[in-house]
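To keep things clear, I will list the structure first and then write my remarks on it.
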2 protein chains.
Amino acid sequence: MPTLVSPFLDDLSAAVGRVATDEATCAAYSRDNAHVVDPQVPHAVVFAESVEDVQATLRIANMHRVPVIARGAGTGVSGAAHAVKGCIVLSLERMNRILAIRVEDEVAVVEPGVVNADLNAAVEPYGLMYAPDPASFRQATIGGNVATNAGGLRCAKYGVTRDSVLALEVVLADGRLIRVGRDTFKGVAGYDLTGLFVGSEGTLGIVVSATVRLRYLSPELRSVAAVFPDIATAAAGVMAIARARVQPAIMELLDSGTMEVIDAIHGSNLRARGGALLLVRLDGHGARIEEALVRQALAGLGAQMGPEDDGEAELLIEMRRSSRGDGQDDAYRVGEDVAVPRSRMVPYMHTLERIAERQRVRLRIVAHAGDGNLHPTFWLDPREGEAGLGRLDAALDESVRAALDAGGTITGEHGVGQYKLRWLGWEQQPEVRELQHQIKAVFDPNGILNPEKAI
Amino acid sequence: MPTLVSPFLDDLSAAVGRVATDEATCAAYSRDNAHVVDPQVPHAVVFAESVEDVQATLRIANMHRVPVIARGAGTGVSGAAHAVKGCIVLSLERMNRILAIRVEDEVAVVEPGVVNADLNAAVEPYGLMYAPDPASFRQATIGGNVATNAGGLRCAKYGVTRDSVLALEVVLADGRLIRVGRDTFKGVAGYDLTGLFVGSEGTLGIVVSATVRLRYLSPELRSVAAVFPDIATAAAGVMAIARARVQPAIMELLDSGTMEVIDAIHGSNLRARGGALLLVRLDGHGARIEEALVRQALAGLGAQMGPEDDGEAELLIEMRRSSRGDGQDDAYRVGEDVAVPRSRMVPYMHTLERIAERQRVRLRIVAHAGDGNLHPTFWLDPREGEAGLGRLDAALDESVRAALDAGGTITGEHGVGQYKLRWLGWEQQPEVRELQHQIKAVFDPNGILNPEKAI
Ligand SMILES: Cc1cc2nc3c(=O)[nH]c(=O)nc-3n(C[C@H](O)[C@H](O)[C@H](O)COP(=O)(O)OP(=O)(O)OC[C@H]3O[C@@H](n4cnc5c(N)ncnc54)[C@H](O)[C@@H]3O)c2cc1C
Ligand SMILES: Cc1cc2nc3c(=O)[nH]c(=O)nc-3n(C[C@H](O)[C@H](O)[C@H](O)COP(=O)(O)OP(=O)(O)OC[C@H]3O[C@@H](n4cnc5c(N)ncnc54)[C@H](O)[C@@H]3O)c2cc1C
């Protein structure tokens, strides 16, 4: 470790109790779940236990111009929490108290390190839920969800993290604490700074508390698992459900490759039954009526469905819900996260198949079909070695370009982080990127917060 | 008109076809529906017919440092569209084309001057709706809705304007055209500039097109009108519906004063039947089931309800939906727009009554009860003359202070505009206000866009 950081580390350790500088901790906190392009190790990991810890850390880092990478659970898949040269990592995982659950107001106040699943478990006895449920919900923190504007399965009906965040307390780069938003469902006083912080990937400030809106846990859940011969017919099923004017709580589309993965892990026989799987969950008081409408719409397309309420559909949704299906990205396997207008899903999936063929890489696809958000995974046999990596990269580039050509976006829910910066210029005009850098400069004039990420 | 503006007007008229400078037009476009504190008349009204018109107007105004007030239909009730000294008004009302309706994508693209009701009429044949429905929906424009982040009745279930806006085209203060957001339901590339423009009241840029998400028109609507002895019991009804885990599409609460207004206008006999009215609309496939649950919950509190499906409830909702109940604000009658956490609605309404008594002003209340958003109207008999105005102002100030004390906000949906600036400092820290001014400076370095408003 270069000695020039020592005065900084001395200041930091004097001000904040829990600072780790040992190699093992620094290595463990050097990256998230995304492929690492530029491996770096932080000088230290600060384990904040209070708002004051966060303030002191930023004040000192700002004085010494040391980059600070905020970190929740490190489940991110875009490299947003990867270490950068000369940085420290600020872990919020110990700030994990639920500060308030206001049942009648349908609101909770949490520290940033609260795990998504823990918040849901805490409000469940009141018949409430925190709707955004990234598949990583058993590990990911609310702070990380806020900073990435995480989506999930239920957001087909309930919206993304942004739609559930009412107010935030944020520590600015210079250590000042501000509060943005309000405790009410509606409010339009001034600019939407809450929305600006949501999804800003730790580049504008550190979230130290969040006031979130809760929703009703449904008194009734009905799920349908429909197997189709191919993905195009399954996607037609998505449109048929829309035409039946049913808004499912969850609507996930899995291709044959993903069905094989599930079969391999769980010993099921999905792949033998067809080439695509559509998982639909209906909730609310009308769930039964909606189930009947969905079954009718899908039967018309030749879907195979089990008997009502046989439990399989719910089981498959839980399987899908608690895994991204693919584990950690590495050089040989990269998951993508584009979104396209819903009507373009089928042509886009065909384009993906053609790209994979042309580049001789493997492909499987999971989609939050209700939102047109697709997670293709491209991969190679690692035994191909470095020679294959060029083709993998080319396939990724082509798939992202094709999503933009279809009127889509480079990232539906995972964020730009470090990994997707190379595509951001394809989506956004120079003027728009410049405006974001100017906003960043307003909040963080010295550029210490997660530099070279997100924008 | 001071001659010093002439070179500016010459440039402007040369670049943009439709520029009115006659007294009648300038007066007609000098204000919105809010009480006018500082009467001003614009030098000119530009009627933009194209994006290029807007770009040319801003380019020239920016060069000459002339303030520009964007204007949709002028239905705003916070003075956000009031003229300021030396300004021009930029009317978007002629840019009123619906550019696209993409049925399968559930998306529409509109120019800013499209009237909310016209968009809804256009998508209705496809079984779709544009959810945000301010009571002004028959006049207000989508551009104005976006710039104020308008709420409405249906936002209890479907969210406010922000939740329905996917992408915007915006002309910046210097005339450059940018596009923010994306055409897909989800997307997290970069900062949420779309959210920043929504609700910014024409201070950051001029919206020249909006891509909005559409929702399903419900196949079934069921409505309940419940008369209660008093407002506290009616508000308890709101909580009882929540405990039944029913999320109404609309839930409006009207006090006895408002019932009297409706009786006077429509010849009904509401006031004779009780002291508070709760209007609930259920939609979706489960509407009938939900209606039964709502009736059960409210019957337990002694509500009087007509027979199912007797049409009265729907009629009353339409009456409520197409009027703010109070017409234009003036010196003697000012409508407020606070929001409080839902559990605080009853104590807050009692506080309002005490304030009105103490200040000897009249009071009536309408609330978007599902969101805790209250519209108290304070008024005086104009025959009291100026002597009473101090008491009216004191009552307003006290009511806003009390909403903040209850954990609320100074404005739930109408915006800060000009009229509520005096209260903004009560809600927001100096640091937060300063950040907003710095953001404003990024977008509009010369401060020409709707100066001294919103922030
Ligand atoms: C198996 C698996 C499934 C997944 N499924 C989904 C899914 O369905 N939907 C989805 O959207 N994502 C999904 N993800 C991605 C990831 O889980 C989300 O992005 C999640 O929100 C990250 O939370 P975290 O606590 O792990 O944050 P981290 O990965 O630690 O950090 C993410 C970003 O947030 C910043 N950050 C963290 N905490 C704070 C804070 N308090 N203040 C400011 N910035 C902060 C970090 O600096 C970084 O930029 C999945 C990941 C995995 C591994
Ligand atoms: C009877 C009545 C009922 C109402 N009910 C509701 C309600 O239920 N909910 C609610 O939220 N509001 C309500 N309002 C307030 C008002 O209708 C809304 O604020 C509406 O969104 C204003 O739209 P407008 O087109 O009239 O905008 P205007 O009043 O013309 O302008 C409003 C603001 O938007 C800016 N602006 C307008 N167009 C653009 C553009 N293209 N680009 C940038 N800035 C622009 C203006 O500069 C101004 O700051 C009501 C008003 C009345 C009179």
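Simple scheme: letters A, B, ... for chains in structure tokens order, numbers from 1 for residues in each chain, numbers from 1 for ligands in the order shown.
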Which residues in range 15-212 of chain A does DSSP call strand (DSSP E)? List them as a short mmCIF file (atom, residue, chain, number, x, y, z; two decimals) with all heavy atoms, in the first residue's frame.
data_model
loop_
_atom_site.label_atom_id
_atom_site.label_comp_id
_atom_site.auth_asym_id
_atom_site.auth_seq_id
_atom_site.Cartn_x
_atom_site.Cartn_y
_atom_site.Cartn_z
N VAL A 19 -12.55 0.26 10.82
CA VAL A 19 -11.86 0.38 9.55
C VAL A 19 -10.95 -0.83 9.38
O VAL A 19 -10.09 -1.07 10.21
CB VAL A 19 -11.01 1.67 9.48
CG1 VAL A 19 -10.33 1.79 8.12
CG2 VAL A 19 -11.86 2.90 9.76
N ALA A 20 -11.19 -1.61 8.33
CA ALA A 20 -10.34 -2.77 8.08
C ALA A 20 -9.38 -2.47 6.95
O ALA A 20 -9.76 -1.87 5.94
CB ALA A 20 -11.20 -3.97 7.71
N ALA A 44 -8.86 0.47 2.17
CA ALA A 44 -9.50 0.14 3.44
C ALA A 44 -10.99 -0.09 3.21
O ALA A 44 -11.55 0.36 2.21
CB ALA A 44 -9.32 1.30 4.44
N VAL A 45 -11.59 -0.80 4.14
CA VAL A 45 -13.03 -0.96 4.14
C VAL A 45 -13.56 -0.37 5.44
O VAL A 45 -13.15 -0.79 6.53
CB VAL A 45 -13.45 -2.44 4.02
CG1 VAL A 45 -14.97 -2.56 4.00
CG2 VAL A 45 -12.83 -3.09 2.80
N VAL A 46 -14.42 0.63 5.32
CA VAL A 46 -15.03 1.23 6.51
C VAL A 46 -16.37 0.54 6.73
O VAL A 46 -17.19 0.46 5.82
CB VAL A 46 -15.27 2.74 6.29
CG1 VAL A 46 -16.00 3.33 7.50
CG2 VAL A 46 -13.95 3.46 6.04
N PHE A 47 -16.59 0.06 7.94
CA PHE A 47 -17.89 -0.53 8.28
C PHE A 47 -18.68 0.48 9.10
O PHE A 47 -18.54 0.54 10.32
CB PHE A 47 -17.70 -1.84 9.04
CG PHE A 47 -17.08 -2.92 8.20
CD1 PHE A 47 -15.70 -3.14 8.20
CD2 PHE A 47 -17.87 -3.71 7.38
CE1 PHE A 47 -15.13 -4.12 7.41
CE2 PHE A 47 -17.31 -4.70 6.57
CZ PHE A 47 -15.93 -4.90 6.59
N VAL A 68 -14.52 7.08 -2.83
CA VAL A 68 -15.30 6.26 -1.90
C VAL A 68 -16.32 5.45 -2.69
O VAL A 68 -17.14 6.02 -3.42
CB VAL A 68 -16.05 7.14 -0.88
CG1 VAL A 68 -16.90 6.27 0.05
CG2 VAL A 68 -15.06 7.99 -0.08
N ILE A 69 -16.27 4.14 -2.52
CA ILE A 69 -17.23 3.26 -3.18
C ILE A 69 -18.20 2.76 -2.11
O ILE A 69 -17.81 1.99 -1.23
CB ILE A 69 -16.54 2.03 -3.82
CG1 ILE A 69 -15.25 2.41 -4.53
CG2 ILE A 69 -17.52 1.29 -4.73
CD1 ILE A 69 -15.40 3.33 -5.70
N ALA A 70 -19.45 3.20 -2.19
CA ALA A 70 -20.44 2.68 -1.25
C ALA A 70 -20.73 1.23 -1.58
O ALA A 70 -20.64 0.82 -2.75
CB ALA A 70 -21.73 3.50 -1.34
N ARG A 71 -21.12 0.49 -0.56
CA ARG A 71 -21.40 -0.93 -0.79
C ARG A 71 -22.51 -1.41 0.13
O ARG A 71 -22.48 -1.16 1.34
CB ARG A 71 -20.14 -1.74 -0.53
CG ARG A 71 -20.29 -3.22 -0.84
CD ARG A 71 -19.05 -3.97 -0.43
NE ARG A 71 -19.23 -5.41 -0.59
CZ ARG A 71 -18.90 -6.10 -1.67
NH1 ARG A 71 -18.36 -5.49 -2.70
NH2 ARG A 71 -19.11 -7.40 -1.72
N ILE A 88 -11.37 3.79 -1.10
CA ILE A 88 -11.83 2.99 0.03
C ILE A 88 -13.25 2.52 -0.28
O ILE A 88 -13.94 3.11 -1.11
CB ILE A 88 -11.83 3.78 1.36
CG1 ILE A 88 -12.75 5.00 1.27
CG2 ILE A 88 -10.42 4.18 1.75
CD1 ILE A 88 -13.07 5.63 2.62
N VAL A 89 -13.64 1.44 0.39
CA VAL A 89 -15.02 0.96 0.27
C VAL A 89 -15.74 1.31 1.57
O VAL A 89 -15.20 1.13 2.67
CB VAL A 89 -15.04 -0.57 0.00
CG1 VAL A 89 -16.43 -1.14 0.24
CG2 VAL A 89 -14.58 -0.85 -1.42
N LEU A 90 -16.94 1.87 1.42
CA LEU A 90 -17.75 2.23 2.58
C LEU A 90 -18.93 1.26 2.64
O LEU A 90 -19.88 1.36 1.87
CB LEU A 90 -18.25 3.68 2.41
CG LEU A 90 -19.26 4.19 3.44
CD1 LEU A 90 -18.72 4.10 4.85
CD2 LEU A 90 -19.65 5.64 3.11
N SER A 91 -18.81 0.30 3.55
CA SER A 91 -19.87 -0.71 3.66
C SER A 91 -20.97 -0.21 4.59
O SER A 91 -20.71 0.25 5.70
CB SER A 91 -19.30 -2.02 4.21
OG SER A 91 -20.37 -2.86 4.57
N ILE A 98 -34.32 -1.63 11.13
CA ILE A 98 -35.60 -1.09 10.65
C ILE A 98 -36.02 -0.06 11.69
O ILE A 98 -36.24 -0.40 12.85
CB ILE A 98 -36.64 -2.21 10.51
CG1 ILE A 98 -36.17 -3.18 9.42
CG2 ILE A 98 -38.01 -1.64 10.19
CD1 ILE A 98 -37.03 -4.42 9.27
N LEU A 99 -36.08 1.20 11.29
CA LEU A 99 -36.27 2.27 12.27
C LEU A 99 -37.74 2.46 12.64
O LEU A 99 -38.05 2.89 13.75
CB LEU A 99 -35.69 3.58 11.74
CG LEU A 99 -34.18 3.53 11.41
CD1 LEU A 99 -33.74 4.81 10.73
CD2 LEU A 99 -33.36 3.29 12.68
N ALA A 100 -38.62 2.18 11.72
CA ALA A 100 -40.05 2.35 12.01
C ALA A 100 -40.88 1.59 11.00
O ALA A 100 -40.51 1.50 9.82
CB ALA A 100 -40.43 3.83 11.96
N ILE A 101 -41.98 1.04 11.48
CA ILE A 101 -42.99 0.49 10.58
C ILE A 101 -44.30 1.16 10.97
O ILE A 101 -44.77 0.97 12.09
CB ILE A 101 -43.13 -1.05 10.73
CG1 ILE A 101 -41.81 -1.72 10.36
CG2 ILE A 101 -44.27 -1.57 9.86
CD1 ILE A 101 -41.80 -3.23 10.62
N ARG A 102 -44.81 2.04 10.09
CA ARG A 102 -46.04 2.76 10.39
C ARG A 102 -47.17 2.10 9.62
O ARG A 102 -47.42 2.42 8.45
CB ARG A 102 -45.92 4.22 10.00
CG ARG A 102 -44.78 4.92 10.72
CD ARG A 102 -44.91 6.44 10.69
NE ARG A 102 -43.65 7.03 11.07
CZ ARG A 102 -42.85 7.71 10.26
NH1 ARG A 102 -43.21 7.94 9.01
NH2 ARG A 102 -41.70 8.18 10.69
N VAL A 107 -46.04 2.67 5.56
CA VAL A 107 -44.71 3.23 5.33
C VAL A 107 -43.73 2.57 6.30
O VAL A 107 -44.09 2.23 7.42
CB VAL A 107 -44.78 4.77 5.60
CG1 VAL A 107 -43.47 5.31 6.09
CG2 VAL A 107 -45.26 5.51 4.35
N ALA A 108 -42.50 2.38 5.85
CA ALA A 108 -41.43 1.94 6.76
C ALA A 108 -40.22 2.85 6.57
O ALA A 108 -40.02 3.43 5.51
CB ALA A 108 -41.03 0.49 6.48
N VAL A 109 -39.44 2.97 7.64
CA VAL A 109 -38.20 3.75 7.59
C VAL A 109 -37.07 2.80 7.94
O VAL A 109 -37.11 2.14 8.99
CB VAL A 109 -38.23 4.93 8.58
CG1 VAL A 109 -36.99 5.81 8.40
CG2 VAL A 109 -39.50 5.75 8.42
N VAL A 110 -36.08 2.72 7.05
CA VAL A 110 -35.02 1.74 7.26
C VAL A 110 -33.64 2.36 7.07
O VAL A 110 -33.47 3.32 6.33
CB VAL A 110 -35.14 0.55 6.28
CG1 VAL A 110 -36.47 -0.18 6.47
CG2 VAL A 110 -34.99 0.99 4.83
N LEU A 128 -48.55 -6.53 4.97
CA LEU A 128 -47.94 -5.57 4.05
C LEU A 128 -46.71 -6.17 3.39
O LEU A 128 -46.15 -7.16 3.87
CB LEU A 128 -47.57 -4.29 4.80
CG LEU A 128 -48.75 -3.50 5.40
CD1 LEU A 128 -48.26 -2.40 6.33
CD2 LEU A 128 -49.62 -2.91 4.29
N MET A 129 -46.30 -5.57 2.29
CA MET A 129 -45.06 -5.99 1.65
C MET A 129 -44.32 -4.76 1.14
O MET A 129 -44.91 -3.72 0.91
CB MET A 129 -45.33 -6.94 0.48
CG MET A 129 -46.07 -6.29 -0.69
SD MET A 129 -46.19 -7.43 -2.13
CE MET A 129 -47.18 -6.45 -3.27
N VAL A 165 -40.12 4.58 -3.09
CA VAL A 165 -39.29 5.41 -2.20
C VAL A 165 -39.92 6.78 -2.04
O VAL A 165 -40.14 7.49 -3.02
CB VAL A 165 -37.85 5.55 -2.75
CG1 VAL A 165 -37.03 6.47 -1.86
CG2 VAL A 165 -37.19 4.19 -2.85
N LEU A 166 -40.22 7.15 -0.81
CA LEU A 166 -40.85 8.45 -0.55
C LEU A 166 -39.82 9.49 -0.14
O LEU A 166 -39.91 10.65 -0.54
CB LEU A 166 -41.90 8.30 0.55
CG LEU A 166 -43.05 7.34 0.25
CD1 LEU A 166 -43.99 7.27 1.46
CD2 LEU A 166 -43.82 7.77 -0.99
N ALA A 167 -38.88 9.13 0.70
CA ALA A 167 -37.91 10.10 1.22
C ALA A 167 -36.58 9.40 1.47
O ALA A 167 -36.53 8.19 1.69
CB ALA A 167 -38.42 10.74 2.51
N LEU A 168 -35.52 10.18 1.43
CA LEU A 168 -34.18 9.65 1.70
C LEU A 168 -33.42 10.62 2.58
O LEU A 168 -33.57 11.83 2.46
CB LEU A 168 -33.39 9.50 0.39
CG LEU A 168 -33.89 8.49 -0.65
CD1 LEU A 168 -33.08 8.63 -1.94
CD2 LEU A 168 -33.82 7.07 -0.11
N GLU A 169 -32.61 10.06 3.46
CA GLU A 169 -31.57 10.86 4.09
C GLU A 169 -30.27 10.49 3.40
O GLU A 169 -29.96 9.30 3.23
CB GLU A 169 -31.50 10.59 5.59
CG GLU A 169 -32.69 11.21 6.31
CD GLU A 169 -32.52 11.16 7.81
OE1 GLU A 169 -32.19 10.08 8.33
OE2 GLU A 169 -32.71 12.22 8.47
N VAL A 170 -29.54 11.52 3.02
CA VAL A 170 -28.35 11.31 2.20
C VAL A 170 -27.20 12.12 2.78
O VAL A 170 -27.37 13.28 3.15
CB VAL A 170 -28.62 11.78 0.75
CG1 VAL A 170 -27.38 11.62 -0.12
CG2 VAL A 170 -29.79 11.02 0.14
N VAL A 171 -26.03 11.49 2.85
CA VAL A 171 -24.83 12.23 3.21
C VAL A 171 -24.14 12.65 1.91
O VAL A 171 -23.87 11.81 1.05
CB VAL A 171 -23.88 11.39 4.09
CG1 VAL A 171 -22.58 12.14 4.35
CG2 VAL A 171 -24.56 11.02 5.41
N LEU A 177 -25.37 16.26 5.88
CA LEU A 177 -26.54 15.36 5.85
C LEU A 177 -27.75 16.14 5.33
O LEU A 177 -28.09 17.20 5.86
CB LEU A 177 -26.82 14.86 7.27
CG LEU A 177 -28.05 13.97 7.46
CD1 LEU A 177 -27.86 12.62 6.76
CD2 LEU A 177 -28.32 13.76 8.95
N ILE A 178 -28.39 15.62 4.31
CA ILE A 178 -29.64 16.26 3.86
C ILE A 178 -30.77 15.24 3.85
O ILE A 178 -30.54 14.03 3.88
CB ILE A 178 -29.52 16.89 2.45
CG1 ILE A 178 -29.23 15.81 1.40
CG2 ILE A 178 -28.48 17.99 2.43
CD1 ILE A 178 -29.39 16.31 -0.03
N ARG A 179 -31.99 15.80 3.82
CA ARG A 179 -33.17 14.97 3.71
C ARG A 179 -33.95 15.43 2.49
O ARG A 179 -34.21 16.62 2.32
CB ARG A 179 -34.03 15.15 4.96
CG ARG A 179 -35.25 14.28 4.97
CD ARG A 179 -36.13 14.55 6.18
NE ARG A 179 -37.47 14.14 5.85
CZ ARG A 179 -37.89 12.88 5.90
NH1 ARG A 179 -37.08 11.93 6.30
NH2 ARG A 179 -39.11 12.55 5.52
N VAL A 180 -34.30 14.49 1.62
CA VAL A 180 -35.08 14.84 0.43
C VAL A 180 -36.34 13.97 0.39
O VAL A 180 -36.39 12.91 0.98
CB VAL A 180 -34.26 14.63 -0.87
CG1 VAL A 180 -33.07 15.57 -0.90
CG2 VAL A 180 -33.80 13.18 -1.00
N GLY A 181 -37.36 14.49 -0.33
CA GLY A 181 -38.63 13.77 -0.41
C GLY A 181 -39.51 14.12 0.76
O GLY A 181 -39.32 15.14 1.43
N ILE A 206 -24.47 9.32 -0.26
CA ILE A 206 -24.64 8.02 0.39
C ILE A 206 -25.99 8.01 1.12
O ILE A 206 -26.24 8.86 1.98
CB ILE A 206 -23.51 7.76 1.41
CG1 ILE A 206 -22.13 7.94 0.75
CG2 ILE A 206 -23.66 6.37 2.02
CD1 ILE A 206 -21.81 6.98 -0.36
N VAL A 207 -26.83 7.06 0.76
CA VAL A 207 -28.14 6.93 1.38
C VAL A 207 -27.96 6.35 2.79
O VAL A 207 -27.43 5.25 2.94
CB VAL A 207 -29.04 6.00 0.55
CG1 VAL A 207 -30.36 5.75 1.25
CG2 VAL A 207 -29.26 6.60 -0.85
N VAL A 208 -28.40 7.10 3.80
CA VAL A 208 -28.28 6.59 5.17
C VAL A 208 -29.64 6.24 5.80
O VAL A 208 -29.69 5.63 6.86
CB VAL A 208 -27.48 7.54 6.09
CG1 VAL A 208 -26.01 7.56 5.66
CG2 VAL A 208 -28.06 8.95 6.08
N SER A 209 -30.71 6.65 5.16
CA SER A 209 -32.01 6.09 5.53
C SER A 209 -33.00 6.29 4.41
O SER A 209 -32.85 7.20 3.59
CB SER A 209 -32.56 6.67 6.84
OG SER A 209 -33.44 7.75 6.59
N ALA A 210 -33.98 5.40 4.35
CA ALA A 210 -34.99 5.47 3.30
C ALA A 210 -36.37 5.29 3.92
O ALA A 210 -36.57 4.41 4.76
CB ALA A 210 -34.74 4.39 2.24
N THR A 211 -37.29 6.16 3.52
CA THR A 211 -38.69 5.99 3.89
C THR A 211 -39.39 5.40 2.68
O THR A 211 -39.40 6.01 1.61
CB THR A 211 -39.32 7.35 4.26
OG1 THR A 211 -38.56 7.93 5.31
CG2 THR A 211 -40.77 7.18 4.71
N VAL A 212 -39.91 4.20 2.86
CA VAL A 212 -40.47 3.49 1.70
C VAL A 212 -41.96 3.23 1.89
O VAL A 212 -42.45 3.07 3.01
CB VAL A 212 -39.74 2.15 1.44
CG1 VAL A 212 -38.27 2.41 1.11
CG2 VAL A 212 -39.89 1.19 2.61
#
Test item: residues no farther than 7 Å from ligand 2, counting only C-alpha atoms and all ligand atoms, as a JSON list (two decimals) with C-alpha atoms, in the first residue's frame:
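See result.json below for the written result:
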[["chain", "number", "residue", "atom", "x", "y", "z"],
["B", 32, "ASP", "CA", -53.12, 31.11, -14.36],
["B", 33, "ASN", "CA", -55.94, 30.17, -11.95],
["B", 69, "ILE", "CA", -43.00, 31.57, -18.99],
["B", 70, "ALA", "CA", -44.18, 28.33, -20.58],
["B", 71, "ARG", "CA", -47.93, 27.89, -20.65],
["B", 72, "GLY", "CA", -50.21, 24.97, -21.32],
["B", 73, "ALA", "CA", -53.86, 25.72, -20.57],
["B", 74, "GLY", "CA", -53.19, 28.05, -17.66],
["B", 75, "THR", "CA", -55.28, 25.96, -15.26],
["B", 76, "GLY", "CA", -52.47, 25.89, -12.69],
["B", 77, "VAL", "CA", -53.45, 27.00, -9.21],
["B", 80, "ALA", "CA", -46.51, 28.92, -11.80],
["B", 81, "ALA", "CA", -47.73, 30.36, -15.11],
["B", 92, "LEU", "CA", -47.70, 25.37, -26.22],
["B", 112, "PRO", "CA", -47.22, 19.15, -25.01],
["B", 113, "GLY", "CA", -50.43, 20.99, -25.87],
["B", 133, "ASP", "CA", -56.61, 12.73, -14.24],
["B", 134, "PRO", "CA", -56.44, 16.10, -12.51],
["B", 135, "ALA", "CA", -59.93, 17.43, -11.99],
["B", 136, "SER", "CA", -58.97, 19.96, -14.68],
["B", 139, "GLN", "CA", -58.67, 21.77, -20.12],
["B", 140, "ALA", "CA", -55.21, 21.00, -18.75],
["B", 141, "THR", "CA", -52.48, 19.92, -21.16],
["B", 142, "ILE", "CA", -50.13, 16.99, -20.90],
["B", 143, "GLY", "CA", -47.22, 19.47, -20.96],
["B", 144, "GLY", "CA", -48.71, 21.29, -17.98],
["B", 145, "ASN", "CA", -49.41, 18.00, -16.23],
["B", 146, "VAL", "CA", -45.82, 16.94, -16.74],
["B", 147, "ALA", "CA", -44.43, 20.29, -15.61],
["B", 148, "THR", "CA", -46.50, 20.16, -12.41],
["B", 149, "ASN", "CA", -46.35, 16.38, -11.87],
["B", 150, "ALA", "CA", -50.13, 16.56, -11.68],
["B", 151, "GLY", "CA", -52.08, 14.18, -9.55],
["B", 152, "GLY", "CA", -55.75, 13.50, -9.78],
["B", 153, "LEU", "CA", -58.38, 11.11, -8.61],
["B", 201, "GLU", "CA", -42.72, 23.91, -13.49],
["B", 202, "GLY", "CA", -41.06, 25.14, -16.63],
["B", 205, "GLY", "CA", -36.63, 23.34, -19.94],
["B", 206, "ILE", "CA", -39.65, 23.29, -22.22],
["B", 207, "VAL", "CA", -41.29, 19.93, -22.81],
["B", 208, "VAL", "CA", -41.99, 19.54, -26.53],
["B", 323, "SER", "CA", -64.53, 20.44, -10.82],
["B", 324, "ARG", "CA", -62.24, 21.64, -8.13],
["B", 325, "GLY", "CA", -65.48, 22.70, -6.52],
["B", 327, "GLY", "CA", -63.52, 27.95, -9.24],
["B", 328, "GLN", "CA", -60.72, 30.45, -9.46],
["B", 413, "GLU", "CA", -49.98, 17.93, -6.31],
["B", 414, "HIS", "CA", -50.42, 21.57, -7.34],
["B", 417, "GLY", "CA", -45.30, 27.99, -8.32],
["B", 450, "ASN", "CA", -39.81, 30.92, -15.24]]
Any idea what's packed within 9 Å of Ala287 in chain A, counting only C-alpha atoms, ignoring anything in its chain fewer than 3 positions away? Could you give it as number ranges by chain? A: 220-223, 248, 281-284, 290-292; B: 285-286
Tell me, which residues of range 133-324 of chain B carry DSSP helix (DSSP H, G or I), written as an MDAnalysis selection string? chainID B and resid 142:148 155:158 161:164 193:197 231:243 256:266 270:273 287:299 312:321
Set the cut-off to 6 Å and count only C-alpha atoms: what are the residues of chain A that reach chain B? Output as a list in words. Glu104, Asp105, Thr184, Phe185, Lys186, Gly187, Val188, Ala189, Gly190, Tyr191, Asp192, Leu196, Ser200, Tyr216, Arg245, His285, Gly286, Val340, Pro341, Arg342, Ser343, Asp371, Thr411, Gly412, Glu413, Gly415, Val416, Ala454 and Ile455 of chain A
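The residue that comes closest to ligand 1, out of A:Glu434, A:Glu111, A:Asp174, A:Asp10 and on the basis of only C-alpha atoms and all ligand atoms, is A:Glu111.
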